[in-house]
Amino acid sequence: MLEALSLNGKTVVITGGGTGLGREMTLAMAKAGADLVIAARRLAPIEEVAQQVRAIGRRADAVTTDATDTESVRLLFKYVIKEFGKVDILFNNAGIVREDGPKPIWEITDESWKIGIDVNLSTAFYCSRAISKHMADRGSGKIVNVSSGYGFRGGRDNYMYAAGKGGIVNLTRAMATSLGKYGITTNCIVPGFIPTEITDPDSERSRQRGRFIPIGRTGVPREMGPLAVFLASSASDYMNGEFLVIDGGGLAGGIAPTGHAPEIPLNI
Amino acid sequence: MEIPEGWDLTGKKAVITADRRGWTKYYAGALAEAGADVAVAGSENSDMIEATKYVKDQGRMGFTLETDLMKRDSVNSMFEQAAEKLGGLDILVNNAKVDFGKRFEAITEDEWDILMNFNVKSMFLCCQAAGNKMMAAGHGRIINMTSDLAVRGLWNSVASCAAEGAIHQLTQSLALDWGRNGIRINGIGAGWLTTKSQSEENQKELLVRYLPSRRRGHPSELSALLVYLSSDECDFVNGQTIFIDGGALAHA
């Protein structure tokens, strides 16, 4: 059982792997034995992570890519196939929370909507489309999408992220259903509130949020590592179309605020 | 091999409940492979003896405890003995389950009661008994084994679906009550499993063709997730039932 968790010999492509949760997943997969191609729009953060992967002893290539641009995506995978000969695992991790702050719906521009949907949803489709045939021809592959608690629940003044991450949820199911017969599994990681350098773990807001999470704290990015390794490995071969929620219990509660605990005696 | 982070149960003490399905050995064996000592509790009809063999094969302590999982006194006594012999209690795996399929109008009162007691009430009794110890220690992991029947209907399966639905909600709600006590409760939902080999299975069977992965799963394919959910590192996953079913739920 434990041997199945090894990623030795595996090639992983991860979008948005230079920052936040993506970086932790990249490093964890490298420690488990994988080689990585890290794709994002800005080179500096992904090159930094790539160097950290090389320090672990694995190969890592940082490739600047705009995953909302289908030509850029095509060139990314052309490069990967040329350099590595194969792709075993794709992590569709690219996404943005917000370009600007929360806004009432009537103040959201066409541009904001388009960017939000493109980055959070279309990127996953474009990358999956680009590599699925290759995986099908090989008879095996794993695609891991990244959604969010907001893919399953509404958030106040949170439209693009909710719609985009929600779209990821059913895109995962559609892909799982359609690609399963080719030996490809499609699953989805659903992180709860896990502050990163982007969302600022040391802020008062992050600390406050911990109080509303059932276990009493927010998540820590390195907790994503084992989950990423599990989904990338053959230990999860029979998991398909599933959502791994890692949120301290947030989605398990929710119909009432934390601390609302009615005590009602039993009287038939 | 070095145990990967997230799968190391070295020094952990586990109790797993057994039944007649014969799958306890895969889960008990996996817990032991990851380093845990395991007590296996079940009736004399259960697969608990074979399960402890799988534990000992991994070089860990394994022993049986004959238990009536439907009776509070028997369950409480079992946990006392288990904790004493193991030297503590870190992990509870509620695995015992009886399968049952019958058109609803034909189900007898006895059948309903036995199914609910063996599948659901046993979890209530075990979680309470284990929980008392885990709360005192400020730490614990509980994994409830369930199935796709927790979230979908199935013909001839009203009673089983109702039981699994109850388990799904027990998992979710108990995770809230005990969230601040250092205890995590999660579930693993099995899809269509078999222990027959793929060549023995009828690949043309309508059910198999319906599944996105085009095959049934093997119980051992749930083991890696079980070990992860039992580990100390898995601290932010809570109240979740995670399904391993080849895409059955995604499709339907």
# chains A, B, ... in the order shown; residues from 1 in each chain; ligands from 1
$ residues_around --residues "Arg152 of chain B" --least-positions-apart "3" --cutoff "10 Å" --atoms "only C-alpha atoms" --output "ChimeraX atom specification"
/B:147-149,161-162,164-165,249,252
$ interface_residues --of "chain A" --to "chain B" --cutoff "6 Å" --atoms "only C-alpha atoms" --output "PyMOL selection string"
chain A and resi 173+177+180-181+214-215+226+238-241+246-249+252
$ write_last_selection --atoms "C-alpha atoms" --output "compact mmCIF listing (two decimals), in the first residue's frame"
# COMPACT_ATOMS: atom_id res chain seq x y z
CA ARG A 173 -17.62 15.31 -12.87
CA THR A 177 -17.43 10.40 -16.43
CA GLY A 180 -12.60 7.22 -17.03
CA LYS A 181 -12.78 4.63 -19.75
CA PRO A 214 -15.07 23.99 13.56
CA ILE A 215 -11.58 22.94 14.61
CA PRO A 226 0.09 14.78 1.44
CA TYR A 238 -10.10 4.04 -8.00
CA MET A 239 -10.98 7.57 -6.93
CA ASN A 240 -12.67 9.34 -9.84
CA GLY A 241 -14.86 12.43 -9.92
CA ILE A 246 -9.68 20.09 3.37
CA ASP A 247 -11.31 22.84 5.40
CA GLY A 248 -11.31 21.98 9.10
CA GLY A 249 -15.01 21.12 8.95
CA ALA A 252 -19.71 20.07 7.37
$ atom_distance --atom1 "atom CA of Glu24 of chain A" --atom2 "atom CA of Thr11 of chain A"
16.7 Å
$ residues_around --residues "Thr68 of chain A" --least-positions-apart "5" --cutoff "7 Å" --atoms "only C-alpha atoms" --output "ChimeraX atom specification"
/A:118-119,122-123
$ write_last_selection --atoms "C-alpha atoms" --output "PDB file, in the first residue's frame"
ATOM      1  CA  ASP A 118     -11.378  32.695 -17.580  1.00  0.00           C
ATOM      2  CA  VAL A 119      -8.754  32.348 -14.880  1.00  0.00           C
ATOM      3  CA  SER A 122     -11.379  28.202 -18.529  1.00  0.00           C
ATOM      4  CA  THR A 123      -7.746  27.554 -17.607  1.00  0.00           C
TER       5      THR A 123
END
$ closest_atom_pairs --of "segment 74-170 of chain A" --to "segment 30-41 of chain A" --cutoff "8 Å" --atoms "only C-alpha atoms" --output "JSON lines"
{"residue": "A:Leu76", "atom": "CA", "partner": "A:Ala39", "partner_atom": "CA", "distance": 7.9}
{"residue": "A:Val80", "atom": "CA", "partner": "A:Val37", "partner_atom": "CA", "distance": 7.4}
{"residue": "A:Ala94", "atom": "CA", "partner": "A:Ala40", "partner_atom": "CA", "distance": 7.7}
$ write_last_selection --atoms "N, CA and C atoms" --output "tab-separated table (two decimals), in the first residue's frame"
chain	number	residue	atom	x	y	z
A	76	LEU	N	2.95	25.26	-24.15
A	76	LEU	CA	3.39	24.66	-22.89
A	76	LEU	C	3.49	23.14	-23.04
A	80	VAL	N	6.55	20.38	-22.97
A	80	VAL	CA	6.65	19.29	-21.99
A	80	VAL	C	6.84	17.95	-22.68
A	94	ALA	N	-4.23	26.94	-11.29
A	94	ALA	CA	-4.30	28.38	-11.53
A	94	ALA	C	-5.66	28.91	-11.12
$ closest_residue --among "B:Leu226, B:Gly87, B:Asn202, B:Ala28" --to "Ala235 of chain A" --atoms "only C-alpha atoms"
B:Leu226
$ select_by_dssp --residues "segment 35-239 of chain A" --states "strand (DSSP E)" --output "ChimeraX atom specification"
/A:35-40,60-64,89-92,141-146,184-191
